[in-house]
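Asker: Here it is, the structure in full.
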Amino acid sequence: MVRGLYTAGTGMLVQTKRMDIISNDLANSNTTGYKKDVAVVESFDEVLMKRVGGSQYPPFDYKDLGTVTNGVRIEGVYTDFRAGNLVYTGISNNLAINGSGFFVVETPNGERLTRDGSFTITPDGALVTQEGYPVMGDNGPINVGRTFFNEGLDMKVLPTREILIGTNVIDTINVVNVEDPQLLEKEADNLYINNQDFLASNATIEQGFLESSNVNPVTAMVDMITVSRAYEANQKMIQTHDSLIGKAVNEVGKA
């Protein structure tokens, strides 16, 4: 009976973690370029159960009862890097990556990766994220220059990532890939920490578009209901085992 309590308890812990992940995904369903997380659940190693039968003295007669597991756990949390839909905004500072790759931005803690292309241009001409982090190009942090403001020119970004101010190519947006995206670590401000070498990316840039989150709110709500029911089932199992233990202590012990 006590084993049943522990098994149901691990099930409740797993469902709690899954609910936290789904809730975070749902909260970011409108976040540009956000990638949903998926919890992978695994059971503990199975053990072989035996029953002693026959003689009360050695050698005992063992009979196999089968295998049993002592519960489940979260094996890992993986990020689904499938691309979201491209949404047209018509704003020249909005850029979307069409394909596999990431923008590189400079933060106080070093370079970070992101799929969020909702950039702005500062009064100094720097192309930055919404949080003010400079966007990196082949020549370093991208700056459109004072001519952009003085002459009222437009910024045009070609699919091949070159940035044109008027007819002059001033820089090329740095879009990179990594060997294993699952090794990227999520950070605040929709950024990823990377400890791998950069690889070349064949992705193109779509100006005037933003990549939506790949979270499907309807699917997330269905998953939340499923997790809630699984949690309740484990909770009822614990209540049942608690009742059985109470009877064993208060009634069987008196017999």
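Ligands are numbered from 1 in the order shown, chains are lettered A, B, ... in the order of the structure tokens, and residues start at 1 in each chain.
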Would you kindly return, as a PDB file with N, CA and C atoms, in the first residue's frame, each protein, DNA or RNA residue with an atom no farther than 7 Å from any atom of range 99-103 of chain A, considering only C-alpha atoms and excluding same-chain residues fewer than 2 positions away?
Answerer:
ATOM      1  N   ILE A  97      12.519  35.279 -39.943  1.00  0.00           N
ATOM      2  CA  ILE A  97      13.424  34.298 -40.543  1.00  0.00           C
ATOM      3  C   ILE A  97      12.579  33.228 -41.217  1.00  0.00           C
ATOM      4  N   VAL A 105      22.082  38.695 -31.202  1.00  0.00           N
ATOM      5  CA  VAL A 105      22.008  39.999 -30.552  1.00  0.00           C
ATOM      6  C   VAL A 105      23.060  40.065 -29.452  1.00  0.00           C
ATOM      7  N   LEU A 113      20.880  34.355 -28.914  1.00  0.00           N
ATOM      8  CA  LEU A 113      20.134  34.060 -30.133  1.00  0.00           C
ATOM      9  C   LEU A 113      18.656  34.314 -29.904  1.00  0.00           C
ATOM     10  N   THR A 114      17.943  34.645 -30.974  1.00  0.00           N
ATOM     11  CA  THR A 114      16.500  34.866 -30.875  1.00  0.00           C
ATOM     12  C   THR A 114      15.859  34.671 -32.238  1.00  0.00           C
ATOM     13  N   ARG A 115      14.564  34.347 -32.224  1.00  0.00           N
ATOM     14  CA  ARG A 115      13.767  34.312 -33.457  1.00  0.00           C
ATOM     15  C   ARG A 115      12.836  35.516 -33.534  1.00  0.00           C
ATOM     16  N   ASN A 174      23.261  39.091 -39.499  1.00  0.00           N
ATOM     17  CA  ASN A 174      23.879  37.820 -39.127  1.00  0.00           C
ATOM     18  C   ASN A 174      22.789  36.830 -38.694  1.00  0.00           C
ATOM     19  N   VAL A 175      22.541  35.835 -39.517  1.00  0.00           N
ATOM     20  CA  VAL A 175      21.603  34.750 -39.178  1.00  0.00           C
ATOM     21  C   VAL A 175      22.402  33.462 -39.129  1.00  0.00           C
ATOM     22  N   VAL A 176      22.362  32.789 -37.994  1.00  0.00           N
ATOM     23  CA  VAL A 176      23.198  31.596 -37.794  1.00  0.00           C
ATOM     24  C   VAL A 176      22.340  30.392 -37.422  1.00  0.00           C
ATOM     25  N   ASN A 177      22.970  29.247 -37.477  1.00  0.00           N
ATOM     26  CA  ASN A 177      22.342  28.012 -37.048  1.00  0.00           C
ATOM     27  C   ASN A 177      23.265  27.343 -36.050  1.00  0.00           C
ATOM     28  N   SER A 201      23.643  29.417 -42.030  1.00  0.00           N
ATOM     29  CA  SER A 201      22.210  29.192 -42.231  1.00  0.00           C
ATOM     30  C   SER A 201      21.828  29.603 -43.649  1.00  0.00           C
ATOM     31  N   ALA A 203      18.711  30.248 -44.344  1.00  0.00           N
ATOM     32  CA  ALA A 203      17.411  30.919 -44.193  1.00  0.00           C
ATOM     33  C   ALA A 203      17.421  32.277 -44.881  1.00  0.00           C
ATOM     34  N   THR A 204      16.244  32.701 -45.286  1.00  0.00           N
ATOM     35  CA  THR A 204      16.082  34.020 -45.888  1.00  0.00           C
ATOM     36  C   THR A 204      15.322  34.932 -44.926  1.00  0.00           C
TER      37      THR A 204
END
Asker: From a DSSP pass on the backbone, collect the residues of range 36-245 of chain A flagged as strand (DSSP E or B) and hand them back as number ranges by chain.
Answerer: A: 37-43, 47-53, 61-68, 72-79, 86-88, 94-98, 102-107, 110-114, 118, 120-121, 126-128, 134-137, 140-141, 143, 155-157, 162-165, 168-173, 175-177, 185-187, 191-193, 199-200, 204-207, 209-211
Asker: Could you check how far CA of Gly132 in chain A sits from CA of Thr107 in chain A, in Å to one decimal?
Answerer: 8.7 Å
Asker: Taking the backbone alone, and naming residues the way the document does, which bits of range 101-242 of chain A are alpha helix (DSSP H) by DSSP, as a ChimeraX atom specification?
Answerer: /A:147-150,217-242
Asker: Looking at A:Ser118, A:Gln196, A:Asn143, A:Gln235, which one is nearest to Glu179 in chain A, with distances taken over only C-alpha atoms?
Answerer: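 Of A:Ser118, A:Gln196, A:Asn143, A:Gln235, the one nearest Glu179 in chain A is A:Gln196, counting only C-alpha atoms.
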Asker: Fewer than 2 positions away in the same chain doesn't count, so skip those; otherwise give me all residues within 7 Å of Tyr192 in chain A, counting only C-alpha atoms, as a list in words.
Answerer: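 Final neighbour list, sorted by chain and number: Arg112, Leu113, Thr114, Leu184, Glu185, Lys186, Glu187 and Asn194 of chain A.
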Asker: Distance table requested - range 112-215 of chain A against range 2-25 of chain A, cut-off 10 Å, only C-alpha atoms: one row per qualifying residue with the closest atom pair and its distance in Å to one decimal, ordered by chain and rising residue number, as JSON lines.
Answerer:
{"residue": "A:Ser213", "atom": "CA", "partner": "A:Asp25", "partner_atom": "CA", "distance": 9.2}
{"residue": "A:Asn214", "atom": "CA", "partner": "A:Asp25", "partner_atom": "CA", "distance": 9.3}
{"residue": "A:Val215", "atom": "CA", "partner": "A:Asp25", "partner_atom": "CA", "distance": 6.5}
Asker: To one decimal in Å, tell me the separation between CA of Val128 in chain A and CA of Ser212 in chain A.
Answerer: 19.1 Å
Asker: CA of Lys156 in chain A to CA of Tyr34 in chain A: how many Å, to one decimal?
Answerer: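 Computing it gives 25.1 Å between the two atoms.
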Asker: Quick one: residues within 10 Å of Met221 in chain A, only C-alpha atoms counted, chain neighbours fewer than 4 positions away excluded, as a list in words?
Answerer: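 My reading of the contact set: Ile22, Ser23, Leu26, Asn216, Pro217, Ile225, Thr226 and Val227 of chain A.
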Asker: Set the distance at 12 Å and use only C-alpha atoms: which residues neighbour Leu95 in chain A once local chain neighbours fewer than 2 positions away are removed? I'd like the list as a VMD selection string.
Answerer: chain A and resid 32 to 33 86 to 93 97 to 98 102 to 103 114 to 120 127 to 129 135 155 to 159 161 163 173 175 204 to 212
Asker: Would you list the contacts of Leu244 in chain A as a PDB file with C-alpha atoms, in the first residue's frame, taking every protein, DNA or RNA residue within 12 Å and counting only C-alpha atoms, but skipping same-chain residues closer than 5 positions in sequence?
Answerer:
ATOM      1  CA  MET A   1       0.000   0.000   0.000  1.00  0.00           C
ATOM      2  CA  VAL A   2       2.829   2.402   0.849  1.00  0.00           C
ATOM      3  CA  GLY A   4       1.071   2.797  -4.104  1.00  0.00           C
ATOM      4  CA  LEU A   5       1.238   6.103  -2.220  1.00  0.00           C
ATOM      5  CA  MET A 237      -5.514   6.973  -5.636  1.00  0.00           C
ATOM      6  CA  ILE A 238      -3.671   8.529  -2.705  1.00  0.00           C
ATOM      7  CA  GLN A 239      -6.957   9.063  -0.850  1.00  0.00           C
ATOM      8  CA  VAL A 249      -4.185   0.301  11.520  1.00  0.00           C
ATOM      9  CA  ASN A 250      -7.532   0.753  13.246  1.00  0.00           C
ATOM     10  CA  GLU A 251      -9.363  -2.473  12.362  1.00  0.00           C
ATOM     11  CA  VAL A 252      -6.936  -5.196  11.329  1.00  0.00           C
TER      12      VAL A 252
END
